[in-house]
file data-v4.csv (CSV, C-alpha atoms)
chain,number,residue,atom,x,y,z
S,84,MET,CA,-132.9,35.3,172.2
S,85,ALA,CA,-133.7,37.9,174.9
S,86,GLU,CA,-135.7,40.8,173.7
S,87,VAL,CA,-133.9,44.2,173.7
S,88,ARG,CA,-135.4,46.5,176.3
S,89,VAL,CA,-136.0,50.0,174.8
S,90,ASP,CA,-135.1,52.8,177.2
S,91,SER,CA,-133.4,55.8,175.7
S,92,LEU,CA,-133.1,57.4,179.1
S,93,GLU,CA,-130.5,54.8,180.2
S,94,PHE,CA,-127.9,56.7,178.1
S,95,PHE,CA,-128.6,59.9,180.2
S,96,LYS,CA,-127.6,58.3,183.6
S,97,SER,CA,-123.9,59.1,183.4
S,98,HIS,CA,-124.8,62.7,182.4
S,99,TRP,CA,-127.2,63.2,185.3
S,100,THR,CA,-124.5,61.8,187.6
S,101,ALA,CA,-122.0,64.2,186.3
S,102,TRP,CA,-124.4,67.1,186.5
S,103,ARG,CA,-125.1,66.2,190.2
S,104,TYR,CA,-121.4,66.4,191.0
S,105,LEU,CA,-121.1,69.6,189.0
S,106,GLY,CA,-123.9,71.2,191.1
S,107,VAL,CA,-126.3,71.9,188.2
S,108,ALA,CA,-128.9,69.1,188.8
S,109,HIS,CA,-131.0,70.9,191.4
S,110,ILE,CA,-134.2,70.0,189.5
S,111,ARG,CA,-133.4,66.3,190.3
S,112,VAL,CA,-132.5,66.7,193.9
S,113,GLU,CA,-135.2,66.1,196.5
S,114,ASN,CA,-133.4,65.6,199.8
S,115,TRP,CA,-131.1,68.2,201.4
S,116,LYS,CA,-132.0,70.7,198.6
S,117,ASN,CA,-130.7,73.7,200.5
S,118,LEU,CA,-127.4,72.0,201.2
S,119,TYR,CA,-127.1,71.1,197.5
S,120,VAL,CA,-127.7,74.7,196.4
S,121,PHE,CA,-125.0,75.8,198.8
S,122,TYR,CA,-122.6,73.2,197.4
S,123,SER,CA,-123.6,74.2,193.8
S,124,ILE,CA,-122.8,77.9,194.5
S,125,LEU,CA,-119.6,77.2,196.3
S,126,SER,CA,-118.2,74.7,193.8
S,127,ASN,CA,-119.1,76.8,190.7
S,128,LEU,CA,-117.6,79.9,192.3
S,129,LEU,CA,-114.4,78.2,193.2
S,130,VAL,CA,-113.9,76.2,190.0
S,131,THR,CA,-116.2,77.2,187.1
S,132,LEU,CA,-115.5,80.9,187.6
S,133,CYS,CA,-112.2,81.1,189.5
S,134,TYR,CA,-110.3,78.3,187.7
S,135,PRO,CA,-110.2,80.1,184.3
S,136,VAL,CA,-109.5,83.4,186.1
S,137,HIS,CA,-106.5,82.1,188.0
S,138,LEU,CA,-105.1,80.8,184.7
S,139,GLY,CA,-105.9,84.0,182.8
S,140,MET,CA,-104.1,86.2,185.4
S,141,SER,CA,-100.8,84.5,184.4
S,142,LEU,CA,-101.2,84.9,180.6
S,143,PHE,CA,-97.8,85.7,179.0
S,144,ARG,CA,-96.2,86.3,182.4
S,145,ASN,CA,-94.5,82.9,182.9
S,146,ARG,CA,-90.9,82.0,183.1
S,147,THR,CA,-90.6,80.2,179.8
S,148,LEU,CA,-92.3,80.3,176.4
S,149,THR,CA,-93.4,76.7,176.8
S,150,GLU,CA,-95.3,77.7,180.0
S,151,ASP,CA,-96.9,80.6,178.2
S,152,ILE,CA,-98.2,78.3,175.5
S,153,LEU,CA,-99.4,75.7,178.0
S,154,ASN,CA,-101.1,78.5,180.0
S,155,LEU,CA,-102.8,79.9,176.9
S,156,THR,CA,-104.2,76.6,175.6
S,157,THR,CA,-105.4,75.6,179.1
S,158,PHE,CA,-107.0,79.0,179.7
S,159,ALA,CA,-108.9,78.9,176.4
S,160,THR,CA,-110.1,75.4,177.0
S,161,CYS,CA,-111.1,76.0,180.6
S,162,THR,CA,-112.9,79.3,179.8
S,163,ALA,CA,-114.9,77.6,177.0
S,164,CYS,CA,-115.6,74.7,179.3
S,165,SER,CA,-116.9,77.0,182.1
S,166,VAL,CA,-119.1,79.0,179.7
S,167,LYS,CA,-120.6,75.8,178.2
S,168,CYS,CA,-121.3,74.4,181.6
S,169,LEU,CA,-123.1,77.6,182.7
S,170,LEU,CA,-125.2,77.6,179.5
S,171,TYR,CA,-126.2,74.0,180.0
S,172,ALA,CA,-127.0,74.7,183.7
S,173,TYR,CA,-129.3,77.7,182.6
S,174,ASN,CA,-131.2,75.5,180.2
S,175,ILE,CA,-131.1,72.2,182.2
S,176,LYS,CA,-135.0,72.0,182.4
S,177,ASP,CA,-135.0,71.4,178.6
S,178,VAL,CA,-133.4,68.0,179.3
S,179,LEU,CA,-136.6,67.0,181.2
S,180,GLU,CA,-138.7,67.8,178.1
S,181,MET,CA,-136.3,65.8,175.9
S,182,GLU,CA,-136.7,62.8,178.2
S,183,ARG,CA,-140.5,63.1,178.0
S,184,LEU,CA,-140.3,63.0,174.2
S,185,LEU,CA,-138.0,60.1,174.2
S,186,ARG,CA,-140.4,58.1,176.4
S,187,LEU,CA,-143.2,58.7,173.9
S,188,LEU,CA,-140.9,57.5,171.1
S,189,ASP,CA,-139.7,54.5,173.0
S,190,GLU,CA,-143.3,53.4,173.6
S,191,ARG,CA,-143.8,53.2,169.8
S,192,VAL,CA,-140.9,50.8,169.2
S,193,VAL,CA,-142.2,47.3,168.3
S,194,GLY,CA,-140.8,44.3,166.4
S,195,PRO,CA,-137.4,42.7,166.1
S,196,GLU,CA,-136.3,45.0,163.3
S,197,GLN,CA,-136.8,48.2,165.3
S,198,ARG,CA,-135.3,46.7,168.4
S,199,SER,CA,-132.2,45.6,166.5
S,200,ILE,CA,-131.7,49.3,165.5
S,201,TYR,CA,-132.0,50.3,169.1
S,202,GLY,CA,-129.4,47.6,170.0
S,203,GLN,CA,-127.0,49.2,167.5
S,204,VAL,CA,-127.3,52.5,169.4
S,205,ARG,CA,-125.7,50.9,172.5
S,206,VAL,CA,-122.6,49.9,170.4
S,207,GLN,CA,-122.4,53.4,168.9
S,208,LEU,CA,-122.7,55.2,172.2
S,209,ARG,CA,-120.2,52.9,173.8
S,210,ASN,CA,-117.7,53.8,171.1
S,211,VAL,CA,-118.4,57.5,171.7
S,212,LEU,CA,-117.6,56.9,175.4
S,213,TYR,CA,-114.3,55.1,174.4
S,214,VAL,CA,-113.5,58.1,172.2
S,215,PHE,CA,-113.8,60.5,175.1
S,216,ILE,CA,-111.9,58.3,177.5
S,217,GLY,CA,-109.2,58.1,174.8
S,218,ILE,CA,-109.2,61.9,174.6
S,219,TYR,CA,-108.9,62.7,178.3
S,220,MET,CA,-106.7,60.0,179.7
S,221,PRO,CA,-103.5,60.7,177.6
S,222,CYS,CA,-103.8,64.4,178.0
S,223,ALA,CA,-104.3,64.1,181.8
S,224,LEU,CA,-101.4,61.6,182.0
S,225,PHE,CA,-98.8,63.6,180.1
S,226,ALA,CA,-99.9,66.8,181.9
S,227,GLU,CA,-99.2,65.0,185.2
S,228,LEU,CA,-95.9,63.5,184.0
S,229,SER,CA,-94.7,66.8,182.7
S,230,PHE,CA,-95.4,68.3,186.2
S,231,LEU,CA,-93.7,65.4,188.0
S,232,PHE,CA,-90.6,65.5,185.9
S,233,LYS,CA,-89.9,69.2,186.5
S,234,GLU,CA,-86.5,69.8,188.0
S,235,GLU,CA,-87.7,72.6,190.2
S,236,ARG,CA,-90.8,73.3,192.1
S,237,GLY,CA,-93.7,74.2,189.8
S,238,LEU,CA,-97.4,73.9,189.1
S,239,MET,CA,-99.3,71.5,186.8
S,240,TYR,CA,-100.5,74.5,184.8
S,241,PRO,CA,-98.9,77.9,185.0
S,242,ALA,CA,-101.3,80.2,186.9
S,243,TRP,CA,-101.6,83.0,189.4
S,244,PHE,CA,-102.4,82.5,193.1
S,245,PRO,CA,-102.9,85.3,195.7
S,246,PHE,CA,-100.2,83.8,197.9
S,247,ASP,CA,-96.6,82.7,197.6
S,248,TRP,CA,-96.6,79.0,196.6
S,249,LEU,CA,-93.0,79.0,195.4
S,250,HIS,CA,-91.3,79.5,198.8
S,251,SER,CA,-93.9,78.0,201.1
S,252,THR,CA,-94.3,74.2,201.2
S,253,ARG,CA,-97.8,74.5,202.7
S,254,ASN,CA,-99.0,77.0,200.0
S,255,TYR,CA,-97.3,74.8,197.3
S,256,TYR,CA,-99.5,71.8,198.3
S,257,ILE,CA,-102.6,74.0,198.5
S,258,ALA,CA,-102.0,75.4,195.0
S,259,ASN,CA,-101.4,71.9,193.5
S,260,ALA,CA,-104.4,70.4,195.3
S,261,TYR,CA,-106.6,73.2,193.9
S,262,GLN,CA,-105.3,72.6,190.4
S,263,ILE,CA,-105.8,68.8,190.5
S,264,VAL,CA,-109.3,69.1,192.0
S,265,GLY,CA,-110.2,71.9,189.6
S,266,ILE,CA,-109.0,70.2,186.5
S,267,THR,CA,-110.9,67.0,187.5
S,268,PHE,CA,-114.0,69.1,187.9
S,269,GLN,CA,-113.4,70.8,184.5
S,270,LEU,CA,-112.8,67.4,182.8
S,271,LEU,CA,-116.1,66.3,184.1
S,272,GLN,CA,-117.7,69.4,182.7
S,273,ASN,CA,-116.0,68.9,179.4
S,274,TYR,CA,-117.2,65.3,179.2
S,275,VAL,CA,-120.9,66.1,179.8
S,276,SER,CA,-120.9,69.1,177.5
S,277,ASP,CA,-119.2,67.3,174.6
S,278,CYS,CA,-120.8,63.9,175.0
S,279,PHE,CA,-124.5,64.8,175.7
S,280,PRO,CA,-125.1,66.4,172.2
S,281,ALA,CA,-123.6,63.4,170.5
S,282,VAL,CA,-125.8,61.0,172.6
S,283,VAL,CA,-129.1,62.9,171.8
S,284,LEU,CA,-128.3,63.3,168.1
S,285,CYS,CA,-127.5,59.6,168.0
S,286,LEU,CA,-130.8,58.7,169.6
S,287,ILE,CA,-132.7,61.0,167.2
S,288,SER,CA,-131.1,59.2,164.2
S,289,SER,CA,-132.1,55.8,165.7
S,290,HIS,CA,-135.7,56.9,166.2
S,291,ILE,CA,-135.9,58.2,162.6
S,292,LYS,CA,-134.6,54.8,161.4
S,293,MET,CA,-137.2,53.0,163.5
S,294,LEU,CA,-139.9,55.4,162.2
S,295,TYR,CA,-138.8,54.5,158.7
S,296,LYS,CA,-139.5,50.9,159.4
S,297,ARG,CA,-142.9,51.6,160.8
S,298,PHE,CA,-143.8,53.6,157.7
S,299,GLU,CA,-142.9,50.7,155.5
S,300,LYS,CA,-145.4,48.5,157.2
S,301,VAL,CA,-148.3,50.9,157.0
S,302,GLY,CA,-151.2,49.4,155.0
S,303,LEU,CA,-149.6,45.9,154.7
S,304,ASP,CA,-151.8,44.3,157.4
S,305,PRO,CA,-155.5,44.3,156.3
S,306,ALA,CA,-156.5,43.7,159.9
S,307,ARG,CA,-155.2,47.1,161.0
S,308,ASP,CA,-156.5,50.6,160.2
S,309,ALA,CA,-153.9,52.0,157.8
S,310,GLU,CA,-155.0,55.6,158.3
S,311,LYS,CA,-154.7,55.4,162.0
S,312,ASP,CA,-151.2,53.8,161.6
S,313,LEU,CA,-150.3,56.7,159.3
S,314,GLU,CA,-151.5,59.3,161.8
S,315,ALA,CA,-149.5,57.6,164.5
S,316,CYS,CA,-146.3,57.8,162.3
S,317,ILE,CA,-147.0,61.4,161.6
S,318,THR,CA,-147.3,62.1,165.3
S,319,ASP,CA,-144.0,60.3,165.9
S,320,HIS,CA,-142.4,62.5,163.3
S,321,LYS,CA,-143.7,65.6,165.1
S,322,HIS,CA,-142.2,64.3,168.4
S,323,ILE,CA,-138.9,63.7,166.7
S,324,LEU,CA,-138.9,67.2,165.1
S,325,GLU,CA,-139.7,68.7,168.5
S,326,LEU,CA,-136.9,66.7,170.1
S,327,PHE,CA,-134.5,67.8,167.4
S,328,ARG,CA,-135.4,71.5,167.9
S,329,ARG,CA,-135.0,71.2,171.6
S,330,ILE,CA,-131.5,69.7,171.4
S,331,GLU,CA,-130.6,72.2,168.7
S,332,ALA,CA,-131.5,75.1,170.9
S,333,PHE,CA,-129.8,73.5,173.9
S,334,ILE,CA,-126.4,73.0,172.2
S,335,SER,CA,-126.4,75.9,169.7
S,336,LEU,CA,-124.2,78.4,171.6
S,337,PRO,CA,-122.0,75.7,173.4
S,338,MET,CA,-121.2,74.1,170.0
S,339,LEU,CA,-120.3,77.4,168.5
S,340,ILE,CA,-117.9,78.1,171.3
S,341,GLN,CA,-116.4,74.6,170.9
S,342,PHE,CA,-115.9,75.0,167.2
S,343,THR,CA,-114.1,78.3,167.8
S,344,VAL,CA,-111.9,77.1,170.6
S,345,THR,CA,-111.0,73.9,168.7
S,346,ALA,CA,-109.7,75.8,165.7
S,347,LEU,CA,-107.7,78.1,168.0
S,348,ASN,CA,-106.2,75.4,170.2
S,349,VAL,CA,-105.3,73.0,167.3
S,350,CYS,CA,-103.4,75.8,165.7
S,351,ILE,CA,-101.6,76.8,168.9
S,352,GLY,CA,-100.8,73.1,169.7
S,353,ILE,CA,-99.3,72.4,166.3
S,354,ALA,CA,-97.3,75.7,166.4
S,355,ALA,CA,-96.0,74.8,169.8
S,356,LEU,CA,-94.8,71.4,168.6
S,357,VAL,CA,-93.2,72.7,165.4
S,358,PHE,CA,-91.5,75.9,166.7
S,359,PHE,CA,-91.4,76.4,170.4
S,360,VAL,CA,-91.6,73.3,172.7
S,361,SER,CA,-88.5,71.1,173.1
S,362,GLU,CA,-89.2,69.2,176.4
S,363,PRO,CA,-90.1,65.5,175.7
S,364,MET,CA,-93.1,65.4,178.1
S,365,ALA,CA,-94.4,68.8,176.9
S,366,ARG,CA,-94.1,67.6,173.3
S,367,MET,CA,-96.1,64.4,174.1
S,368,TYR,CA,-98.8,66.5,175.9
S,369,PHE,CA,-99.2,68.8,172.9
S,370,ILE,CA,-99.4,65.9,170.4
S,371,PHE,CA,-102.3,64.3,172.3
S,372,TYR,CA,-103.8,67.7,173.0
S,373,SER,CA,-103.8,68.6,169.3
S,374,LEU,CA,-105.5,65.3,168.5
S,375,ALA,CA,-108.0,65.5,171.4
S,376,MET,CA,-109.4,68.9,170.4
S,377,PRO,CA,-110.9,67.9,167.0
S,378,LEU,CA,-112.1,64.5,168.5
S,379,GLN,CA,-114.2,66.4,171.0
S,380,ILE,CA,-116.4,67.8,168.2
S,381,PHE,CA,-116.3,64.8,165.8
S,382,PRO,CA,-119.0,62.6,167.4
S,383,SER,CA,-121.6,65.5,167.5
S,384,CYS,CA,-120.7,66.4,163.9
S,385,PHE,CA,-121.0,62.8,162.7
S,386,PHE,CA,-124.4,62.3,164.3
S,387,GLY,CA,-125.5,65.7,163.1
S,388,THR,CA,-124.7,64.6,159.6
S,389,ASP,CA,-126.6,61.3,160.2
S,390,ASN,CA,-129.6,63.3,161.4
S,391,GLU,CA,-129.7,65.3,158.2
S,392,TYR,CA,-129.4,62.2,156.0
S,393,TRP,CA,-132.2,60.3,157.7
S,394,PHE,CA,-134.5,63.3,157.9
S,395,GLY,CA,-134.0,63.6,154.2
S,396,ARG,CA,-135.0,60.0,153.5
S,397,LEU,CA,-138.4,60.0,155.4
S,398,HIS,CA,-140.4,60.9,152.3
S,399,TYR,CA,-139.0,57.8,150.6
S,400,ALA,CA,-140.4,55.8,153.6
S,401,ALA,CA,-143.8,57.3,153.1
S,402,PHE,CA,-143.9,56.1,149.5
S,403,SER,CA,-142.6,52.7,150.6
S,404,CYS,CA,-145.9,51.9,152.4
S,405,ASN,CA,-148.9,50.3,150.7
S,406,TRP,CA,-150.4,53.8,149.9
S,407,HIS,CA,-151.8,53.1,146.4
S,408,THR,CA,-154.6,50.9,147.6
S,409,GLN,CA,-155.8,53.4,150.3
S,410,ASN,CA,-158.6,55.9,150.2
S,411,ARG,CA,-158.3,59.6,149.3
S,412,SER,CA,-158.2,60.8,152.9
S,413,PHE,CA,-155.1,58.6,153.5
S,414,LYS,CA,-153.4,59.8,150.4
S,415,ARG,CA,-154.1,63.5,151.3
S,416,LYS,CA,-152.6,63.0,154.8
S,417,MET,CA,-149.6,61.2,153.3
S,418,MET,CA,-149.0,64.0,150.8
S,419,LEU,CA,-149.1,66.6,153.6
S,420,PHE,CA,-146.6,64.6,155.5
S,421,VAL,CA,-144.3,64.3,152.5
S,422,GLU,CA,-144.4,68.1,152.0
S,423,GLN,CA,-143.5,68.6,155.6
S,424,SER,CA,-140.7,66.0,155.5
S,425,LEU,CA,-139.1,67.7,152.4
S,426,LYS,CA,-138.1,70.6,154.6
S,427,LYS,CA,-134.4,70.3,155.4
S,428,SER,CA,-133.6,69.6,159.1
S,429,THR,CA,-130.0,70.5,160.0
S,430,ALA,CA,-128.7,71.4,163.5
S,431,VAL,CA,-127.0,74.8,163.5
S,432,ALA,CA,-124.6,76.1,166.1
S,433,GLY,CA,-125.1,79.8,166.9
S,434,GLY,CA,-127.4,80.3,163.9
S,435,MET,CA,-124.4,80.2,161.5
S,436,MET,CA,-122.5,76.9,161.6
S,437,ARG,CA,-124.0,73.5,160.8
S,438,ILE,CA,-123.3,70.7,163.3
S,439,HIS,CA,-122.1,68.6,160.4
S,440,LEU,CA,-118.9,66.8,159.2
S,441,ASP,CA,-118.4,69.7,156.7
S,442,THR,CA,-118.0,72.0,159.7
S,443,PHE,CA,-115.7,69.6,161.3
S,444,PHE,CA,-113.3,69.7,158.3
S,445,SER,CA,-113.9,73.5,158.0
S,446,THR,CA,-112.7,73.9,161.6
S,447,LEU,CA,-109.5,72.0,160.8
S,448,LYS,CA,-109.0,74.2,157.7
S,449,GLY,CA,-109.5,77.2,159.9
S,450,ALA,CA,-106.8,75.9,162.3
S,451,TYR,CA,-104.5,75.4,159.3
S,452,SER,CA,-105.2,79.0,158.1
S,453,LEU,CA,-104.2,80.4,161.5
S,454,PHE,CA,-101.1,78.2,161.5
S,455,THR,CA,-100.0,79.7,158.1
S,456,ILE,CA,-100.4,83.2,159.5
S,457,ILE,CA,-98.1,82.3,162.3
S,458,ILE,CA,-95.5,80.9,159.8
S,459,ARG,CA,-95.7,84.2,157.8
S,460,MET,CA,-95.3,86.3,161.0
S,461,ARG,CA,-92.2,84.3,161.9
S,462,LYS,CA,-90.7,84.9,158.5
call {"tool": "encode", "arguments": {"input": "data-v4.csv", "output": "structure tokens"}}
result
Amino acid sequence: MAEVRVDSLEFFKSHWTAWRYLGVAHIRVENWKNLYVFYSILSNLLVTLCYPVHLGMSLFRNRTLTEDILNLTTFATCTACSVKCLLYAYNIKDVLEMERLLRLLDERVVGPEQRSIYGQVRVQLRNVLYVFIGIYMPCALFAELSFLFKEERGLMYPAWFPFDWLHSTRNYYIANAYQIVGITFQLLQNYVSDCFPAVVLCLISSHIKMLYKRFEKVGLDPARDAEKDLEACITDHKHILELFRRIEAFISLPMLIQFTVTALNVCIGIAALVFFVSEPMARMYFIFYSLAMPLQIFPSCFFGTDNEYWFGRLHYAAFSCNWHTQNRSFKRKMMLFVEQSLKKSTAVAGGMMRIHLDTFFSTLKGAYSLFTIIIRMRK
């Protein structure tokens, strides 16, 4: 059986590719750097900044209520997407430090048990990728179908343009080309900003599990220095904690924004389905849109919960080793580690909301609460 090669950075390749296209990977560009900086400024001005603005200029000024609701949900999503992308771009150097810490942790992975845990990570992250593909494809498909089946000339998303696109064929094609290219750009931003936190949190969970296995073997082999093995495990724990703090700081504000926008858009999407939208394609779009919004935060919340669980079990791993036959120095170091590991480690968004399944369900409850307010206002 072929040995599983441990390289956590392989899961970052798609994100770095996306960041290159989005114009925020300047720290990884060596050739034609000035040209890349120009591309970065131009693309982010035209899409990251102008795309939400051209949607926002049309808020509640459209021909029908369906268009108003579509405009509102798209504006909220695109605005959040642009802000998250800019926050990640500002802190992009932190990713290099995360990669350094992951390399150190990868070097410590030995034995079939630990490698099998790493093999499971590939399956988990492949499933995360399928989740995001399953989110974006139906939404994009029904948005396009809704646009194609319009009886009169219109845009994919209701928006404002500084020219007359309705009565000019040339301007009509320019407006639609901008919206198609822009929404593709925004979907790529959304993918990387929602998928990257889940990937890193999943990798942290896997490295905690592998550290657990290493702890269990400390002191079992009389040919090895048990105290040095313990010190190495404690160092690994420090690296995992540092990685955890880095990713927490990196995703804190973006995740807070995402939680807020998810609650708002799920509420609006369901209200649109129940009360306002009657067109078949628009209804299908809002069905998939209302499902897609909570699925965007679910992987990060799931792996955030997994992190908290495995961090909370590390002190059990310390007591699973052959500690009772060791000297006093070993036991003192082990007890210091146990005291450190008892401190709760939970990723927090914006300093107030845990990146946890509890928050996922609280977000859905918040959407329901907003929906009940809408019902009462209608009555």
call {"tool": "closest_residue", "arguments": {"input": "data-v4.csv", "among": "S:Phe420, S:Met140, S:Ala432, S:Val89", "to": "S:Glu190", "atoms": "all atoms listed in the file"}}
result
S:Val89
call {"tool": "closest_residue", "arguments": {"input": "data-v4.csv", "among": "S:Ala375, S:Leu324, S:Ile456, S:Val130", "to": "S:Gln423", "atoms": "all atoms listed in the file"}}
result
S:Leu324
call {"tool": "atom_distance", "arguments": {"input": "data-v4.csv", "atom1": "atom CA of S:Gln272", "atom2": "atom CA of S:Met338"}}
result
14.0 Å
call {"tool": "atom_distance", "arguments": {"input": "data-v4.csv", "atom1": "atom CA of S:Gly237", "atom2": "atom CA of S:Leu249"}}
result
7.4 Å
call {"tool": "closest_residue", "arguments": {"input": "data-v4.csv", "among": "S:Phe225, S:Tyr201, S:Phe215, S:Phe394", "to": "S:His320", "atoms": "all atoms listed in the file"}}
result
S:Phe394
call {"tool": "atom_distance", "arguments": {"input": "data-v4.csv", "atom1": "atom CA of S:Gly352", "atom2": "atom CA of S:Gln207"}}
result
29.2 Å
call {"tool": "residues_around", "arguments": {"input": "data-v4.csv", "residues": "S:Phe342", "least_positions_apart": "2", "cutoff": "9 Å", "atoms": "only C-alpha atoms", "output": "list of chain:residue names"}}
result
S:Pro337, S:Met338, S:Leu339, S:Ile340, S:Val344, S:Thr345, S:Ala346, S:Leu347, S:Pro377, S:Ile380, S:Ala432, S:Met436, S:Thr442, S:Phe443, S:Thr446
call {"tool": "residues_around", "arguments": {"input": "data-v4.csv", "residues": "S:Val211", "least_positions_apart": "4", "cutoff": "9 Å", "atoms": "all atoms listed in the file", "output": "number ranges by chain"}}
result
S: 206-207, 215-216, 278, 281-282, 382
call {"tool": "residues_around", "arguments": {"input": "data-v4.csv", "residues": "S:Leu270", "least_positions_apart": "3", "cutoff": "12 Å", "atoms": "all atoms listed in the file", "output": "PDB file with C-alpha atoms, in the frame of the given file"}}
result
ATOM      1  CA  ALA S 101    -122.000  64.200 186.300  1.00  0.00           C
ATOM      2  CA  TYR S 104    -121.400  66.400 191.000  1.00  0.00           C
ATOM      3  CA  LEU S 105    -121.100  69.600 189.000  1.00  0.00           C
ATOM      4  CA  VAL S 130    -113.900  76.200 190.000  1.00  0.00           C
ATOM      5  CA  THR S 131    -116.200  77.200 187.100  1.00  0.00           C
ATOM      6  CA  THR S 157    -105.400  75.600 179.100  1.00  0.00           C
ATOM      7  CA  THR S 160    -110.100  75.400 177.000  1.00  0.00           C
ATOM      8  CA  CYS S 161    -111.100  76.000 180.600  1.00  0.00           C
ATOM      9  CA  ALA S 163    -114.900  77.600 177.000  1.00  0.00           C
ATOM     10  CA  CYS S 164    -115.600  74.700 179.300  1.00  0.00           C
ATOM     11  CA  SER S 165    -116.900  77.000 182.100  1.00  0.00           C
ATOM     12  CA  CYS S 168    -121.300  74.400 181.600  1.00  0.00           C
ATOM     13  CA  PHE S 215    -113.800  60.500 175.100  1.00  0.00           C
ATOM     14  CA  ILE S 216    -111.900  58.300 177.500  1.00  0.00           C
ATOM     15  CA  ILE S 218    -109.200  61.900 174.600  1.00  0.00           C
ATOM     16  CA  TYR S 219    -108.900  62.700 178.300  1.00  0.00           C
ATOM     17  CA  MET S 220    -106.700  60.000 179.700  1.00  0.00           C
ATOM     18  CA  CYS S 222    -103.800  64.400 178.000  1.00  0.00           C
ATOM     19  CA  ALA S 223    -104.300  64.100 181.800  1.00  0.00           C
ATOM     20  CA  GLN S 262    -105.300  72.600 190.400  1.00  0.00           C
ATOM     21  CA  ILE S 263    -105.800  68.800 190.500  1.00  0.00           C
ATOM     22  CA  VAL S 264    -109.300  69.100 192.000  1.00  0.00           C
ATOM     23  CA  GLY S 265    -110.200  71.900 189.600  1.00  0.00           C
ATOM     24  CA  ILE S 266    -109.000  70.200 186.500  1.00  0.00           C
ATOM     25  CA  THR S 267    -110.900  67.000 187.500  1.00  0.00           C
ATOM     26  CA  ASN S 273    -116.000  68.900 179.400  1.00  0.00           C
ATOM     27  CA  TYR S 274    -117.200  65.300 179.200  1.00  0.00           C
ATOM     28  CA  VAL S 275    -120.900  66.100 179.800  1.00  0.00           C
ATOM     29  CA  SER S 276    -120.900  69.100 177.500  1.00  0.00           C
ATOM     30  CA  ASP S 277    -119.200  67.300 174.600  1.00  0.00           C
ATOM     31  CA  CYS S 278    -120.800  63.900 175.000  1.00  0.00           C
ATOM     32  CA  GLN S 379    -114.200  66.400 171.000  1.00  0.00           C
TER      33      GLN S 379
END
call {"tool": "closest_residue", "arguments": {"input": "data-v4.csv", "among": "S:Asp441, S:Glu391, S:Glu196, S:Glu310", "to": "S:Ser424", "atoms": "all atoms listed in the file"}}
result
S:Glu391
call {"tool": "residues_around", "arguments": {"input": "data-v4.csv", "residues": "stretch 106-123 of chain S", "least_positions_apart": "2", "cutoff": "9 Å", "atoms": "only C-alpha atoms", "output": "list in words"}}
result
Trp99, Thr100, Ala101, Trp102, Arg103, Tyr104, Leu125, Ser126, Asn127, Leu128, Cys168, Leu169, Tyr171, Ala172, Tyr173, Ile175 and Lys176 of chain S
call {"tool": "residues_around", "arguments": {"input": "data-v4.csv", "residues": "S:Asp189", "least_positions_apart": "6", "cutoff": "10 Å", "atoms": "all atoms listed in the file", "output": "list in words"}}
result
Arg88, Val89, Asp90, Ser91, Leu92, Arg183, Tyr201, His290 and Met293 of chain S
call {"tool": "residues_near_point", "arguments": {"input": "data-v4.csv", "point": "(-139.2, 69.0, 150.1)", "cutoff": "12 Å", "atoms": "all atoms listed in the file", "output": "number ranges by chain"}}
result
S: 394-399, 418-428
call {"tool": "closest_residue", "arguments": {"input": "data-v4.csv", "among": "S:Pro241, S:Gly449, S:Gly217, S:Pro135", "to": "S:Asn348", "atoms": "all atoms listed in the file"}}
result
S:Gly449
call {"tool": "closest_residue", "arguments": {"input": "data-v4.csv", "among": "S:Pro245, S:Arg191, S:Asp308, S:Asp319", "to": "S:Ile257", "atoms": "only C-alpha atoms"}}
result
S:Pro245
call {"tool": "residues_near_point", "arguments": {"input": "data-v4.csv", "point": "(-102.4, 77.2, 191.2)", "cutoff": "7 Å", "atoms": "all atoms listed in the file", "output": "list in words"}}
result
Leu238, Ala242, Trp243, Phe244, Ala258, Asn259, Tyr261 and Gln262 of chain S
